[in-house]
Amino acid sequence: MLLKLFFYSAILLIAIIGYRSYAYASSNLVIDGDAPNFTLNDTKGSTHSLSDYRGKYLVLYFYPKNDTPACTKEACHFRDDMTQLEKLGAKVVGISIDSSESNGKFAEKYSLPFTLLADTNGKVAASYNALTNLLVIKIAKRHTFLIDPDGKIKKIYTSVNVSNHSQQIIDDLKALQNKH
């Protein structure tokens, strides 16, 4: 009985913390608003900032964990669609809470031709409202941001289907570019 009570109390505490994290998430991210700046290291230790991508569209995607089935599927779809994305003037950058070393192994294992950045403290993910923080566990949410050449957010994807997400980005890039 005591174990059962402890279990349900722990579940309730996790739910409350998760809800508070969700409810108090900053709402400063809006379509046509400025994308939050970032400076993070890639798999080789080089730093990347938002300003490095000025003049191009940026597909900035956050993902929970290297080498997990859904994250691998999403990354491989981006890899397979790189030619189309590049023709549309877009760069792809993935961000996780994993280390640069882990990102490097993941990128090498699946021949990922785009940049993976390590946000080990979760600050960048938090600035994009893409962080789940359960006190002892931090994990990036599967969110994607389509950022225009001027650093403005054009699309926010919070319900990502990894099976067709890359194609969805391609379709949205075409639609955005046809507006101009």
# chains A, B, ... in the order shown; residues from 1 in each chain; ligands from 1

call {"tool": "closest_atom_pairs", "arguments": {"of": "segment 29-73 of chain A", "to": "segment 112-134 of chain A", "cutoff": "12 Å", "atoms": "only C-alpha atoms", "output": "JSON lines"}}
result
{"residue": "A:Leu29", "atom": "CA", "partner": "A:Tyr128", "partner_atom": "CA", "distance": 7.2}
{"residue": "A:Val30", "atom": "CA", "partner": "A:Tyr128", "partner_atom": "CA", "distance": 10.5}
{"residue": "A:Asp34", "atom": "CA", "partner": "A:Tyr128", "partner_atom": "CA", "distance": 11.0}
{"residue": "A:Ala35", "atom": "CA", "partner": "A:Tyr128", "partner_atom": "CA", "distance": 8.1}
{"residue": "A:Pro36", "atom": "CA", "partner": "A:Ser127", "partner_atom": "CA", "distance": 6.5}
{"residue": "A:Asn37", "atom": "CA", "partner": "A:Val124", "partner_atom": "CA", "distance": 8.2}
{"residue": "A:Phe38", "atom": "CA", "partner": "A:Val124", "partner_atom": "CA", "distance": 6.2}
{"residue": "A:Thr39", "atom": "CA", "partner": "A:Val124", "partner_atom": "CA", "distance": 8.4}
{"residue": "A:Leu40", "atom": "CA", "partner": "A:Leu117", "partner_atom": "CA", "distance": 6.0}
{"residue": "A:Asn41", "atom": "CA", "partner": "A:Leu117", "partner_atom": "CA", "distance": 5.5}
{"residue": "A:Asp42", "atom": "CA", "partner": "A:Leu117", "partner_atom": "CA", "distance": 4.5}
{"residue": "A:Thr43", "atom": "CA", "partner": "A:Leu116", "partner_atom": "CA", "distance": 6.5}
{"residue": "A:Lys44", "atom": "CA", "partner": "A:Leu117", "partner_atom": "CA", "distance": 9.7}
{"residue": "A:Gly45", "atom": "CA", "partner": "A:Leu117", "partner_atom": "CA", "distance": 9.3}
{"residue": "A:Ser46", "atom": "CA", "partner": "A:Leu117", "partner_atom": "CA", "distance": 9.5}
{"residue": "A:Thr47", "atom": "CA", "partner": "A:Leu117", "partner_atom": "CA", "distance": 8.7}
{"residue": "A:His48", "atom": "CA", "partner": "A:Leu117", "partner_atom": "CA", "distance": 8.0}
{"residue": "A:Ser49", "atom": "CA", "partner": "A:Leu117", "partner_atom": "CA", "distance": 10.1}
{"residue": "A:Leu50", "atom": "CA", "partner": "A:Val124", "partner_atom": "CA", "distance": 11.0}
{"residue": "A:Tyr53", "atom": "CA", "partner": "A:Thr115", "partner_atom": "CA", "distance": 11.7}
{"residue": "A:Leu58", "atom": "CA", "partner": "A:Thr115", "partner_atom": "CA", "distance": 11.3}
{"residue": "A:Val59", "atom": "CA", "partner": "A:Phe114", "partner_atom": "CA", "distance": 10.5}
{"residue": "A:Leu60", "atom": "CA", "partner": "A:Leu116", "partner_atom": "CA", "distance": 9.9}
{"residue": "A:Tyr61", "atom": "CA", "partner": "A:Ala130", "partner_atom": "CA", "distance": 9.5}
{"residue": "A:Phe62", "atom": "CA", "partner": "A:Ala130", "partner_atom": "CA", "distance": 6.9}
{"residue": "A:Tyr63", "atom": "CA", "partner": "A:Ala130", "partner_atom": "CA", "distance": 8.8}
{"residue": "A:Pro64", "atom": "CA", "partner": "A:Leu131", "partner_atom": "CA", "distance": 9.1}
{"residue": "A:Lys65", "atom": "CA", "partner": "A:Ala118", "partner_atom": "CA", "distance": 11.0}
{"residue": "A:Asn66", "atom": "CA", "partner": "A:Leu116", "partner_atom": "CA", "distance": 10.2}
{"residue": "A:Thr72", "atom": "CA", "partner": "A:Leu112", "partner_atom": "CA", "distance": 10.0}
{"residue": "A:Lys73", "atom": "CA", "partner": "A:Leu112", "partner_atom": "CA", "distance": 11.5}

call {"tool": "select_by_dssp", "arguments": {"residues": "segment 55-133 of chain A", "states": "strand (DSSP E)", "output": "ChimeraX atom specification"}}
result
/A:57-62,90-96,115-118,131-133

call {"tool": "select_by_dssp", "arguments": {"residues": "segment 100-130 of chain A", "states": "alpha helix (DSSP H)", "output": "PDB file with C-alpha atoms, in the first residue's frame"}}
result
ATOM      1  CA  SER A 100      29.124  16.922 -29.331  1.00  0.00           C
ATOM      2  CA  GLU A 101      30.803  13.509 -29.195  1.00  0.00           C
ATOM      3  CA  SER A 102      27.468  11.682 -29.180  1.00  0.00           C
ATOM      4  CA  ASN A 103      26.215  13.904 -32.017  1.00  0.00           C
ATOM      5  CA  GLY A 104      29.384  13.112 -33.995  1.00  0.00           C
ATOM      6  CA  LYS A 105      28.891   9.366 -33.650  1.00  0.00           C
ATOM      7  CA  PHE A 106      25.239   9.722 -34.667  1.00  0.00           C
ATOM      8  CA  ALA A 107      26.111  11.866 -37.693  1.00  0.00           C
ATOM      9  CA  GLU A 108      28.849   9.473 -38.787  1.00  0.00           C
ATOM     10  CA  LYS A 109      26.754   6.322 -38.307  1.00  0.00           C
ATOM     11  CA  LYS A 123      19.464  26.857 -22.596  1.00  0.00           C
ATOM     12  CA  VAL A 124      18.931  27.155 -26.349  1.00  0.00           C
ATOM     13  CA  ALA A 125      16.148  24.560 -26.328  1.00  0.00           C
ATOM     14  CA  ALA A 126      14.510  26.491 -23.474  1.00  0.00           C
ATOM     15  CA  SER A 127      14.754  29.761 -25.437  1.00  0.00           C
TER      16      SER A 127
END

call {"tool": "closest_atom_pairs", "arguments": {"of": "segment 65-126 of chain A", "to": "segment 149-157 of chain A", "cutoff": "12 Å", "atoms": "only C-alpha atoms", "output": "JSON lines"}}
result
{"residue": "A:Leu88", "atom": "CA", "partner": "A:Pro149", "partner_atom": "CA", "distance": 11.7}
{"residue": "A:Gly89", "atom": "CA", "partner": "A:Pro149", "partner_atom": "CA", "distance": 9.1}
{"residue": "A:Ala90", "atom": "CA", "partner": "A:Pro149", "partner_atom": "CA", "distance": 9.0}
{"residue": "A:Lys91", "atom": "CA", "partner": "A:Pro149", "partner_atom": "CA", "distance": 10.4}

call {"tool": "closest_residue", "arguments": {"among": "A:Tyr57, A:Ala75, A:Ser159, A:Thr83", "to": "Asp172 of chain A", "atoms": "only C-alpha atoms"}}
result
A:Tyr57

call {"tool": "decode", "arguments": {"residues": "segment 28-45 of chain A", "atoms": "N, CA and C atoms", "output": "tab-separated table (two decimals), in the first residue's frame"}}
result
chain	number	residue	atom	x	y	z
A	28	ASN	N	7.10	34.19	-26.30
A	28	ASN	CA	7.69	35.24	-27.14
A	28	ASN	C	8.00	34.76	-28.55
A	29	LEU	N	7.79	33.51	-28.85
A	29	LEU	CA	8.05	33.00	-30.19
A	29	LEU	C	6.79	33.13	-31.02
A	30	VAL	N	6.84	34.00	-32.00
A	30	VAL	CA	5.68	34.23	-32.86
A	30	VAL	C	6.13	34.24	-34.31
A	31	ILE	N	5.19	33.93	-35.17
A	31	ILE	CA	5.47	33.99	-36.61
A	31	ILE	C	5.83	35.43	-36.96
A	32	ASP	N	6.89	35.58	-37.72
A	32	ASP	CA	7.47	36.86	-38.14
A	32	ASP	C	8.23	37.57	-37.02
A	33	GLY	N	8.35	36.92	-35.86
A	33	GLY	CA	9.17	37.47	-34.78
A	33	GLY	C	10.61	37.00	-34.94
A	34	ASP	N	11.51	37.64	-34.21
A	34	ASP	CA	12.92	37.26	-34.26
A	34	ASP	C	13.15	35.89	-33.65
A	35	ALA	N	13.96	35.08	-34.32
A	35	ALA	CA	14.36	33.80	-33.75
A	35	ALA	C	15.39	34.07	-32.66
A	36	PRO	N	15.31	33.36	-31.54
A	36	PRO	CA	16.32	33.56	-30.49
A	36	PRO	C	17.72	33.21	-31.00
A	37	ASN	N	18.67	34.02	-30.61
A	37	ASN	CA	20.05	33.77	-31.01
A	37	ASN	C	20.58	32.54	-30.25
A	38	PHE	N	21.58	31.92	-30.81
A	38	PHE	CA	22.24	30.80	-30.14
A	38	PHE	C	23.70	30.78	-30.57
A	39	THR	N	24.53	30.20	-29.73
A	39	THR	CA	25.91	29.90	-30.05
A	39	THR	C	26.21	28.55	-29.41
A	40	LEU	N	26.40	27.53	-30.25
A	40	LEU	CA	26.63	26.17	-29.78
A	40	LEU	C	27.73	25.52	-30.60
A	41	ASN	N	28.31	24.46	-30.05
A	41	ASN	CA	29.36	23.73	-30.75
A	41	ASN	C	28.79	22.59	-31.57
A	42	ASP	N	29.44	22.37	-32.72
A	42	ASP	CA	29.07	21.23	-33.57
A	42	ASP	C	29.89	20.01	-33.17
A	43	THR	N	29.86	18.99	-34.00
A	43	THR	CA	30.53	17.72	-33.68
A	43	THR	C	32.05	17.83	-33.70
A	44	LYS	N	32.59	18.87	-34.31
A	44	LYS	CA	34.04	19.05	-34.39
A	44	LYS	C	34.54	20.15	-33.45
A	45	GLY	N	33.64	20.73	-32.66
A	45	GLY	CA	34.02	21.77	-31.71
A	45	GLY	C	33.94	23.18	-32.26
